[in-house]
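Listing of start.csv, CSV, C-alpha atoms
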chain,number,residue,atom,x,y,z
A,87,MET,CA,106.6,77.3,76.9
A,88,GLN,CA,106.1,78.9,73.5
A,89,ALA,CA,107.3,82.6,73.2
A,90,ASP,CA,103.8,83.9,72.3
A,91,THR,CA,102.3,82.2,75.4
A,92,THR,CA,105.0,83.6,77.6
A,93,LEU,CA,104.3,87.1,76.2
A,94,ARG,CA,100.6,86.8,76.8
A,95,ARG,CA,101.1,85.7,80.4
A,96,LEU,CA,103.6,88.5,81.1
A,97,HIS,CA,101.2,91.1,79.5
A,98,THR,CA,98.4,89.7,81.7
A,99,SER,CA,100.6,90.0,84.8
A,100,LEU,CA,101.5,93.6,84.0
A,101,LEU,CA,97.8,94.5,83.7
A,102,LEU,CA,96.4,92.7,86.7
A,103,TYR,CA,99.1,92.5,89.4
A,104,GLN,CA,97.4,95.3,91.4
A,105,TYR,CA,94.0,93.7,91.2
A,106,PRO,CA,94.1,90.1,92.7
A,107,LEU,CA,90.4,89.9,93.3
A,108,VAL,CA,89.7,91.1,89.7
A,109,ALA,CA,92.2,88.5,88.5
A,110,SER,CA,90.3,85.8,90.4
A,111,GLN,CA,87.0,86.9,88.8
A,112,LEU,CA,88.5,86.9,85.4
A,113,LEU,CA,90.0,83.4,86.0
A,114,ASP,CA,86.5,82.1,86.9
A,115,ILE,CA,85.1,83.6,83.7
A,116,CYS,CA,87.9,82.5,81.4
A,117,GLY,CA,89.0,79.2,82.8
A,118,ASP,CA,92.7,79.7,82.5
A,119,VAL,CA,95.3,82.5,82.4
A,120,ASP,CA,95.9,82.3,78.7
A,121,HIS,CA,92.2,83.0,77.9
A,122,ILE,CA,92.3,86.0,80.2
A,123,TYR,CA,94.6,87.8,77.8
A,124,ALA,CA,92.3,87.1,74.9
A,125,TYR,CA,89.3,88.2,76.9
A,126,LEU,CA,91.0,91.5,77.8
A,127,GLU,CA,92.2,92.1,74.2
A,128,ALA,CA,88.6,91.8,73.1
A,129,LYS,CA,87.6,94.3,75.8
A,130,LYS,CA,84.5,92.4,76.9
A,131,ILE,CA,84.4,94.3,80.1
A,132,SER,CA,80.6,94.4,80.5
A,133,GLU,CA,80.4,90.9,82.0
A,134,VAL,CA,82.6,91.6,85.0
A,135,ARG,CA,82.8,94.5,87.4
A,136,LEU,CA,86.2,96.2,87.0
A,137,PRO,CA,87.8,99.1,88.9
A,138,SER,CA,87.5,102.3,87.0
A,139,LYS,CA,91.2,102.7,86.9
A,140,LEU,CA,91.5,99.3,85.2
A,141,LYS,CA,88.8,100.2,82.7
A,142,LYS,CA,90.8,103.2,81.7
A,143,VAL,CA,93.8,101.0,81.1
A,144,LEU,CA,91.8,98.7,78.9
A,145,LYS,CA,90.8,101.6,76.7
A,146,VAL,CA,94.3,102.0,75.5
A,147,ASN,CA,96.6,99.7,73.6
A,148,HIS,CA,98.3,98.2,76.6
A,149,ARG,CA,100.7,96.3,74.4
A,150,SER,CA,102.6,99.4,73.3
A,151,ARG,CA,102.0,101.1,76.7
A,152,ASN,CA,103.8,98.3,78.5
A,153,GLN,CA,106.4,97.4,76.0
A,154,ASP,CA,109.4,99.1,77.7
A,155,HIS,CA,108.4,97.5,81.0
A,156,LEU,CA,107.9,94.1,79.3
A,157,ASN,CA,111.4,94.4,77.8
A,158,HIS,CA,112.8,95.0,81.3
A,159,ILE,CA,111.0,91.9,82.6
A,160,ILE,CA,112.3,89.7,79.8
A,161,ALA,CA,115.9,90.9,80.4
A,162,TRP,CA,115.5,90.1,84.1
A,163,LEU,CA,114.2,86.6,83.3
A,164,ASN,CA,117.2,85.9,81.1
A,165,LEU,CA,119.5,86.3,84.1
A,166,PRO,CA,120.5,83.1,86.1
A,167,ASP,CA,118.1,81.5,88.5
A,168,ARG,CA,115.2,83.9,87.5
A,169,THR,CA,111.8,82.6,86.3
A,170,PHE,CA,108.1,83.2,86.6
A,171,ILE,CA,105.5,80.7,87.6
A,172,CYS,CA,102.0,80.7,86.3
A,173,LEU,CA,99.0,79.5,88.3
A,174,ASP,CA,98.8,76.3,86.2
A,175,SER,CA,102.5,75.5,86.5
A,176,ALA,CA,103.6,72.3,88.4
A,177,ASP,CA,106.0,74.6,90.4
A,178,TYR,CA,103.2,76.8,91.7
A,179,PRO,CA,102.8,76.4,95.5
A,180,THR,CA,99.9,73.9,96.1
A,181,GLN,CA,98.6,75.6,99.2
A,182,LEU,CA,98.7,79.1,97.7
A,183,ALA,CA,96.6,77.9,94.8
A,184,GLU,CA,93.9,77.0,97.3
A,185,ILE,CA,93.3,80.6,98.6
A,186,SER,CA,90.4,82.7,97.3
A,187,ASP,CA,92.7,85.1,95.4
A,188,PRO,CA,95.9,83.4,94.4
A,189,PRO,CA,98.3,85.5,92.2
A,190,LEU,CA,98.1,84.6,88.5
A,191,VAL,CA,101.9,84.9,88.2
A,192,LEU,CA,104.8,84.7,90.6
A,193,TYR,CA,108.3,85.9,89.8
A,194,ALA,CA,111.1,84.0,91.5
A,195,HIS,CA,114.8,84.3,92.0
A,196,GLY,CA,116.5,81.4,93.7
A,197,ASN,CA,115.7,77.8,94.6
A,198,LEU,CA,112.2,76.8,93.4
A,199,ASP,CA,112.4,73.4,95.2
A,200,LEU,CA,111.7,75.3,98.5
A,201,LEU,CA,108.1,75.8,97.3
A,202,LYS,CA,107.5,72.0,97.6
A,203,GLN,CA,108.7,71.9,101.3
A,204,PRO,CA,106.6,72.6,104.4
A,205,GLN,CA,106.8,76.3,105.4
A,206,LEU,CA,106.2,78.2,108.6
A,207,ALA,CA,105.7,82.0,108.5
A,208,ILE,CA,107.2,84.3,111.1
A,209,VAL,CA,105.9,87.9,111.1
A,210,GLY,CA,105.9,90.7,113.6
A,211,SER,CA,106.8,94.3,114.5
A,212,ARG,CA,109.1,96.4,112.4
A,213,ASN,CA,110.4,97.9,115.6
A,214,PRO,CA,110.8,94.9,118.0
A,215,THR,CA,112.2,94.9,121.5
A,216,GLN,CA,115.3,92.9,122.4
A,217,TYR,CA,112.9,90.2,123.6
A,218,GLY,CA,111.1,90.0,120.3
A,219,ARG,CA,114.4,89.8,118.4
A,220,GLY,CA,115.6,87.1,120.8
A,221,VAL,CA,112.4,85.0,120.4
A,222,THR,CA,112.6,85.3,116.6
A,223,LYS,CA,116.3,84.2,116.6
A,224,LEU,CA,115.5,81.2,118.7
A,225,PHE,CA,112.4,80.2,116.7
A,226,SER,CA,113.9,80.7,113.3
A,227,GLU,CA,117.1,78.9,114.2
A,228,GLU,CA,115.2,75.8,115.5
A,229,ILE,CA,112.8,75.8,112.5
A,230,GLY,CA,115.8,76.2,110.1
A,231,LYS,CA,117.7,73.3,111.7
A,232,SER,CA,114.6,71.1,111.3
A,233,GLY,CA,114.5,71.5,107.6
A,234,ILE,CA,111.2,73.3,107.6
A,235,VAL,CA,111.3,76.5,105.5
A,236,VAL,CA,111.0,79.9,107.3
A,237,THR,CA,108.8,82.3,105.2
A,238,SER,CA,108.5,86.0,105.8
A,239,GLY,CA,108.2,89.4,104.1
A,240,MET,CA,111.8,90.7,104.5
A,241,ALA,CA,110.5,93.8,106.2
A,242,ARG,CA,112.5,95.6,108.9
A,243,GLY,CA,112.5,94.0,112.4
A,244,ILE,CA,111.0,90.6,113.0
A,245,ASP,CA,110.8,89.6,109.3
A,246,SER,CA,114.5,90.3,108.7
A,247,ALA,CA,115.5,88.7,112.0
A,248,ALA,CA,113.6,85.5,111.0
A,249,HIS,CA,115.4,85.3,107.6
A,250,ARG,CA,118.8,85.9,109.2
A,251,GLY,CA,118.1,83.4,112.0
A,252,THR,CA,117.5,80.5,109.7
A,253,LEU,CA,120.2,81.4,107.3
A,254,GLY,CA,122.6,81.5,110.2
A,255,VAL,CA,122.2,77.8,110.9
A,256,GLY,CA,122.2,76.7,107.3
A,257,GLY,CA,118.4,76.6,107.1
A,258,SER,CA,116.1,77.6,104.1
A,259,THR,CA,114.0,80.7,103.8
A,260,ILE,CA,111.6,82.3,101.4
A,261,ALA,CA,111.2,86.1,101.3
A,262,VAL,CA,107.9,87.3,99.7
A,263,LEU,CA,108.4,90.8,98.6
A,264,GLY,CA,106.2,93.9,98.3
A,265,THR,CA,108.2,95.0,95.3
A,266,GLY,CA,109.6,93.4,92.2
A,267,CYS,CA,112.4,90.8,92.8
A,268,ASP,CA,114.9,93.3,91.3
A,269,HIS,CA,114.2,96.0,93.9
A,270,VAL,CA,115.8,96.1,97.3
A,271,TYR,CA,113.4,97.3,100.0
A,272,PRO,CA,114.1,98.3,102.7
A,273,PRO,CA,117.5,99.6,101.4
A,274,GLU,CA,119.5,98.3,104.4
A,275,ASN,CA,118.5,94.7,103.4
A,276,GLU,CA,120.6,94.6,100.3
A,277,THR,CA,123.1,92.1,101.7
A,278,LEU,CA,120.3,90.0,103.2
A,279,MET,CA,118.4,90.0,99.9
A,280,HIS,CA,121.5,88.7,98.0
A,281,GLU,CA,122.0,86.0,100.7
A,282,ILE,CA,118.4,84.8,100.3
A,283,ALA,CA,118.6,84.8,96.5
A,284,SER,CA,121.8,82.7,96.6
A,285,SER,CA,120.7,80.1,99.1
A,286,GLY,CA,116.9,80.5,99.5
A,287,LEU,CA,114.2,82.1,97.3
A,288,LEU,CA,112.9,85.6,96.6
A,289,LEU,CA,109.3,85.6,95.5
A,290,SER,CA,106.8,88.3,94.3
A,291,GLU,CA,103.6,88.7,92.4
A,292,PHE,CA,104.9,92.2,91.5
A,293,PRO,CA,106.8,92.2,88.2
A,294,PRO,CA,110.5,93.3,88.1
A,295,GLY,CA,110.7,97.1,87.8
A,296,ILE,CA,107.9,97.6,90.4
A,297,GLY,CA,108.9,99.6,93.5
A,298,PRO,CA,107.3,99.8,97.0
A,299,ALA,CA,103.8,101.2,97.6
A,300,PRO,CA,101.7,101.2,100.7
A,301,THR,CA,99.1,98.9,99.2
A,302,HIS,CA,101.7,96.3,98.1
A,303,PHE,CA,102.5,95.0,101.6
A,304,PRO,CA,99.1,94.0,102.8
A,305,GLN,CA,98.6,92.4,99.4
A,306,ARG,CA,101.9,90.6,99.8
A,307,ASN,CA,100.9,89.2,103.2
A,308,ARG,CA,98.3,86.8,101.8
A,309,ILE,CA,101.1,85.0,99.9
A,310,VAL,CA,103.2,84.7,103.1
A,311,THR,CA,100.3,83.1,105.0
A,312,GLY,CA,98.8,81.3,102.0
A,313,MET,CA,102.0,79.3,101.4
A,314,SER,CA,102.6,78.4,105.0
A,315,CYS,CA,101.1,75.7,107.2
A,316,GLY,CA,101.0,78.2,110.1
A,317,THR,CA,101.9,81.7,110.9
A,318,ILE,CA,103.8,82.7,114.1
A,319,VAL,CA,103.3,86.3,115.3
A,320,VAL,CA,106.1,87.7,117.4
A,321,GLU,CA,105.3,91.2,118.8
A,322,ALA,CA,102.6,93.2,117.1
A,323,ARG,CA,100.6,96.3,118.0
A,324,LEU,CA,96.8,96.3,117.9
A,325,ARG,CA,96.9,98.1,114.6
A,326,SER,CA,99.6,96.5,112.5
A,327,GLY,CA,100.3,94.6,109.3
A,328,SER,CA,101.1,91.5,111.4
A,329,LEU,CA,97.5,91.4,112.6
A,330,ILE,CA,96.4,91.7,109.0
A,331,SER,CA,98.5,88.6,108.3
A,332,ALA,CA,97.0,86.8,111.2
A,333,ARG,CA,93.5,87.5,110.0
A,334,LEU,CA,94.4,86.4,106.5
A,335,ALA,CA,95.8,83.2,107.8
A,336,MET,CA,92.6,82.5,109.7
A,337,GLU,CA,90.5,83.2,106.7
A,338,GLN,CA,92.7,80.8,104.7
A,339,GLY,CA,92.3,78.1,107.2
A,340,ARG,CA,95.9,78.2,108.4
A,341,GLY,CA,97.1,77.9,111.9
A,342,VAL,CA,97.8,81.1,113.8
A,343,PHE,CA,100.3,81.2,116.7
A,344,ALA,CA,101.1,84.2,119.0
A,345,VAL,CA,104.1,84.6,121.2
A,346,PRO,CA,103.1,86.1,124.5
A,347,GLY,CA,105.0,89.1,125.9
A,348,SER,CA,104.9,91.5,128.8
A,349,VAL,CA,101.4,92.8,129.7
A,350,LEU,CA,103.0,96.2,130.0
A,351,SER,CA,104.4,96.2,126.4
A,352,LYS,CA,102.5,97.9,123.6
A,353,GLN,CA,104.5,95.7,121.2
A,354,SER,CA,102.8,92.6,122.6
A,355,GLU,CA,99.2,94.0,122.7
A,356,GLY,CA,98.4,92.5,119.3
A,357,CYS,CA,99.7,89.0,120.3
A,358,HIS,CA,97.6,89.1,123.4
A,359,HIS,CA,94.6,90.1,121.4
A,360,LEU,CA,95.1,87.2,119.0
A,361,LEU,CA,95.3,84.8,122.0
A,362,LYS,CA,92.0,86.1,123.3
A,363,GLU,CA,90.5,85.6,119.8
A,364,GLY,CA,91.5,82.0,119.6
A,365,ALA,CA,95.1,81.9,118.3
A,366,GLN,CA,97.3,79.2,119.7
A,367,LEU,CA,100.0,80.1,122.2
A,368,ALA,CA,103.5,79.7,120.7
A,369,GLY,CA,105.6,78.9,123.8
A,370,SER,CA,108.1,77.1,121.6
A,371,VAL,CA,108.6,75.8,118.1
A,372,ALA,CA,107.6,72.3,119.5
A,373,ASP,CA,104.2,73.8,120.3
A,374,VAL,CA,103.7,74.8,116.7
A,375,ILE,CA,105.0,71.6,115.2
A,376,GLU,CA,102.8,69.5,117.5
A,377,GLU,CA,99.7,71.5,116.8
A,378,LEU,CA,100.1,71.4,113.0
A,379,SER,CA,101.2,67.7,113.1
A,380,LEU,CA,104.3,68.6,111.1
A,381,SER,CA,107.3,66.4,111.1
A,382,TYR,CA,111.0,67.5,110.9
A,383,PRO,CA,111.8,66.7,107.2
A,384,ASP,CA,115.6,66.3,107.6
A,385,LEU,CA,117.1,67.2,110.9
A,386,ARG,CA,120.4,65.5,110.0
A,387,ALA,CA,120.9,67.7,107.0
A,388,HIS,CA,121.4,70.6,109.3
A,389,GLN,CA,123.1,69.0,112.3
A,390,ASN,CA,126.5,70.5,111.3
A,391,ALA,CA,125.2,73.9,110.5
A,392,GLY,CA,126.4,75.5,113.7
A,393,PRO,CA,127.8,74.8,117.1
A,394,VAL,CA,126.2,71.8,118.8
A,395,LEU,CA,125.0,72.9,122.2
A,396,LYS,CA,124.9,70.2,124.8
A,397,PRO,CA,122.9,71.3,127.9
A,398,THR,CA,123.7,68.0,129.7
A,399,SER,CA,127.4,69.0,129.8
A,400,LEU,CA,126.7,72.2,131.7
A,401,ASN,CA,128.0,72.3,135.3
A,402,GLN,CA,125.8,73.4,138.2
A,403,ARG,CA,127.4,76.9,138.3
A,404,GLN,CA,126.5,77.5,134.6
A,405,ARG,CA,123.0,76.2,135.1
A,406,ASN,CA,122.5,78.5,138.0
A,407,VAL,CA,123.3,81.5,135.9
A,408,LEU,CA,121.2,80.3,132.9
A,409,GLU,CA,118.2,79.9,135.3
A,410,VAL,CA,118.1,83.7,135.7
A,411,ILE,CA,119.0,84.8,132.1
A,412,ASP,CA,116.2,85.2,129.6
A,413,LEU,CA,115.6,87.1,126.4
A,414,GLU,CA,115.6,90.5,128.0
A,415,PRO,CA,119.1,91.8,128.6
A,416,ARG,CA,120.2,91.5,132.2
A,417,SER,CA,123.1,93.3,133.9
A,418,VAL,CA,125.9,91.5,135.7
A,419,ASP,CA,124.7,93.0,139.0
A,420,SER,CA,121.2,91.6,138.4
A,421,VAL,CA,122.6,88.1,137.8
A,422,VAL,CA,124.8,88.4,140.9
A,423,LYS,CA,121.8,89.4,143.0
A,424,GLN,CA,119.6,86.6,141.8
A,425,THR,CA,122.1,83.8,142.0
A,426,GLY,CA,123.9,84.8,145.2
A,427,MET,CA,127.2,84.2,143.4
A,428,VAL,CA,130.2,86.6,143.6
A,429,THR,CA,130.8,89.0,140.8
A,430,ALA,CA,134.0,87.4,139.5
A,431,GLU,CA,132.3,84.0,139.4
A,432,VAL,CA,129.4,85.4,137.5
A,433,LEU,CA,131.6,87.1,135.0
A,434,GLN,CA,133.6,84.0,134.4
A,435,THR,CA,130.5,81.9,133.9
A,436,LEU,CA,128.9,84.4,131.5
A,437,VAL,CA,132.1,84.3,129.4
A,438,GLU,CA,132.0,80.5,129.3
A,439,LEU,CA,128.3,80.5,128.3
A,440,GLU,CA,128.9,83.1,125.6
A,441,LEU,CA,131.8,81.1,124.1
A,442,VAL,CA,129.5,78.0,123.7
A,443,GLY,CA,126.6,80.1,122.3
A,444,PHE,CA,124.1,80.1,125.1
A,445,VAL,CA,124.2,83.8,125.9
A,446,SER,CA,125.2,87.0,124.1
A,447,SER,CA,126.3,90.3,125.4
A,448,VAL,CA,124.2,93.5,124.6
A,449,ALA,CA,125.6,96.8,125.7
A,450,GLY,CA,127.3,95.4,128.8
A,451,CYS,CA,124.3,93.2,129.6
A,452,TYR,CA,123.6,89.5,128.8
A,453,GLN,CA,120.6,87.7,127.3
A,454,LEU,CA,119.7,84.2,126.3
A,455,CYS,CA,120.4,83.4,122.6
A,456,SER,CA,120.0,79.6,122.5
A,457,ASP,CA,117.4,77.3,124.2
A,458,TRP,CA,118.6,74.9,126.8
A,459,SER,CA,117.0,72.1,128.8
A,460,ARG,CA,116.5,72.4,132.6
A,461,ASP,CA,116.1,68.6,132.9

What does this structure look like when you write it as structure tokens?
Amino acid sequence: MQADTTLRRLHTSLLLYQYPLVASQLLDICGDVDHIYAYLEAKKISEVRLPSKLKKVLKVNHRSRNQDHLNHIIAWLNLPDRTFICLDSADYPTQLAEISDPPLVLYAHGNLDLLKQPQLAIVGSRNPTQYGRGVTKLFSEEIGKSGIVVTSGMARGIDSAAHRGTLGVGGSTIAVLGTGCDHVYPPENETLMHEIASSGLLLSEFPPGIGPAPTHFPQRNRIVTGMSCGTIVVEARLRSGSLISARLAMEQGRGVFAVPGSVLSKQSEGCHHLLKEGAQLAGSVADVIEELSLSYPDLRAHQNAGPVLKPTSLNQRQRNVLEVIDLEPRSVDSVVKQTGMVTAEVLQTLVELELVGFVSSVAGCYQLCSDWSRD
């Protein structure tokens, strides 16, 4: 791409990244991204309704106003594995281009090939229960092993658990950020962000140098759902960003799947509401795969990514314990009571199951951490 074209597109991105609907209007008027820049330079603003804030920006010389920021972006793009993707690029996600307000420009750090693979989004509460974390781990691991890309927003809670789950089994993940790709948010995700950049993909419509803002995250959500074949919601309150994502996915014609939870849990109220509104029940990853008619692209590529669990090799004592263990942590006493086994036998069995990866210990209790067949 010629240098002057690149600069025009970066200038356009700097001007319009906060206004996706305006960008879509301008794209309809101008026909392509390059002509938007010329249109704005000419300040022909009478033909389109623009936010007053944007009109004020257009009244100044935005070239000089944004020069320092532009230099920062160019320096970032010169680092390894960084690029930006324009709407007319062959690398631009096909499904995302179909939504009503696709980003004109995406900034990327990592493996662009993931944009050509089928994706499933996993979103949910920033303060999940142990049950929510457990479901997310199971789902993201199974999706990751299948070769399907797990896409989420790298927020606290369910988003982060989804990224970590698929990375843990050698799967692929895309994190769509509510900041520039050079900004770590939330701060505790710095290590996770580096892991995703090295083996997955960081993606954002916000230019490098842009930090978090409340309006960025709902705006970011349309990209998460727009790139994905379906969106799985794991724990959400009635008023939450996850329900915004679900609504966006429905408007975009994407599948929406909700994981049911306890009727007593406020964290599952949003999921139950979605089920009443017509979302599909996500009892397992297989439910989602079947509903969307997706295939597992390359299961063999991930078959050595972690310990191979063989439910058929379990003895009856181990099966009896697994029958009463679920994603909510259970005490040893509870397992003893439900199985009728003696305490020493239960403890020995739980240690065996933990060693092969079926259960994990949480504060002296045990919970299921890998699916198993009862057949």

Within 12 Å of A:Asn275, counting all atoms listed in the file, which residues qualify if same-chain residues fewer than 3 places away don't, as a PyMOL selection string?
-> chain A and resi 239-243+245-247+249-250+261+263+269-272+278-282

Between atom CA of A:Val255 and atom CA of A:Leu439, what is the spacing in Å?
-> 18.6 Å

Nearest to A:Pro294 by atom-to-atom distance, counting all atoms listed in the file, from A:Leu163, A:Leu361, A:Glu377, A:Val410 | A:Leu163

Test item: which residues lie within 9 Å of (101.9, 76.6, 89.7) counting all atoms listed in the file, as a list in words |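 Within 9 Å of (101.9, 76.6, 89.7), the protein and nucleic acid residues are Ile171, Cys172, Leu173, Asp174, Ser175, Ala176, Asp177, Tyr178, Pro179, Thr180, Leu182, Ala183, Leu190, Val191 and Leu192 of chain A.
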
So which residues touch A:Gly251 within 8 Å, counting only C-alpha atoms, skipping near sequence neighbours fewer than 6 positions away, as a PyMOL selection string?
-> chain A and resi 222-224+226-227+230

Can you tell me, as JSON, numbers by chain, what residues are no more than 8 Å from A:Asp120 when counting all atoms listed in the file, ignoring any on the same chain fewer than 3 positions away?
-> {"A": [91, 94, 95, 123, 124]}

Which residues, protein or nucleic acid, reach to within 8 Å of (113.1, 72.9, 121.0) in the file's coordinates when using all atoms listed in the file, and can you give that as a PDB file with C-alpha atoms, in the coordinates of the input?
ATOM      1  CA  GLU A 228     115.200  75.800 115.500  1.00  0.00           C
ATOM      2  CA  SER A 370     108.100  77.100 121.600  1.00  0.00           C
ATOM      3  CA  VAL A 371     108.600  75.800 118.100  1.00  0.00           C
ATOM      4  CA  ALA A 372     107.600  72.300 119.500  1.00  0.00           C
ATOM      5  CA  ASP A 457     117.400  77.300 124.200  1.00  0.00           C
TER       6      ASP A 457
END

Give the answer as one residue: which of A:Gly347, A:Gly295, A:Pro106, A:Gly443 has the shortest atom-to-atom distance to A:Asp154, using all atoms listed in the file?
->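 Comparing A:Gly347, A:Gly295, A:Pro106, A:Gly443 against A:Asp154, the winner is A:Gly295.
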
Nearest to A:Ile122, chosen from A:Val432, A:Val407, A:Leu378, A:Leu101, with all atoms listed in the file counted in the distances =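 Comparing A:Val432, A:Val407, A:Leu378, A:Leu101 against A:Ile122, the winner is A:Leu101.
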
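Take atom CA of A:Tyr193 and atom CA of A:Asn157: the distance between them is 15.0 Å.
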
Choose the residue, out of A:Glu363, A:Glu376, A:Glu440, A:Asp90, that has the smallest atom-to-atom separation from A:Ile411; count only C-alpha atoms.
-> A:Glu440

Counting only C-alpha atoms, the residue of A:Gln402, A:Gln216, A:Ser186, A:Ser447 that sits nearest A:Gln338 =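 Ranked by minimum distance to A:Gln338, first place goes to A:Ser186.
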
From the list A:Pro189, A:Gly196, A:Gly369, A:Pro137, which residue is nearest A:Val119 when using all atoms listed in the file?
->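 Of all the options, A:Pro189 lies closest to A:Val119.
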
Select from stretch 204-272 of chain A every residue with an atom at most 7 Å from any atom of stretch 298-307 of chain A, then for each give the shortest pair of atoms and their distance in Å to one decimal, using all atoms listed in the file, rows by chain and rising number, as a tab-separated table.
residue	atom	partner	partner_atom	distance
A:Val262	CA	A:Arg306	CA	6.8
A:Leu263	CA	A:Arg306	CA	6.6
A:Gly264	CA	A:Phe303	CA	5.1
A:Thr265	CA	A:Pro298	CA	5.2

Mind giving me the straight-line distance from atom CA of A:Arg219 to atom CA of A:Lys423 in Å, one decimal?
->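 Value for the atom CA of A:Arg219-atom CA of A:Lys423 distance: 25.7 Å.
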
Which neighbours of A:Glu321 fall inside 6 Å, counting all atoms listed in the file, when residues of the same chain fewer than 4 positions from it are skipped, and could you give them as a list in words?
->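 Within the cut-off, the hits are Gly210, Ser211, Gln353 and Ser354 of chain A.
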
If you count all atoms listed in the file, which residues fall within 10 Å of A:Val421, apart from same-chain ones fewer than 5 positions away, as an NGL selection string?
-> :A and (406-411 or 416 or 426-429 or 432-433 or 436 or 451-452)
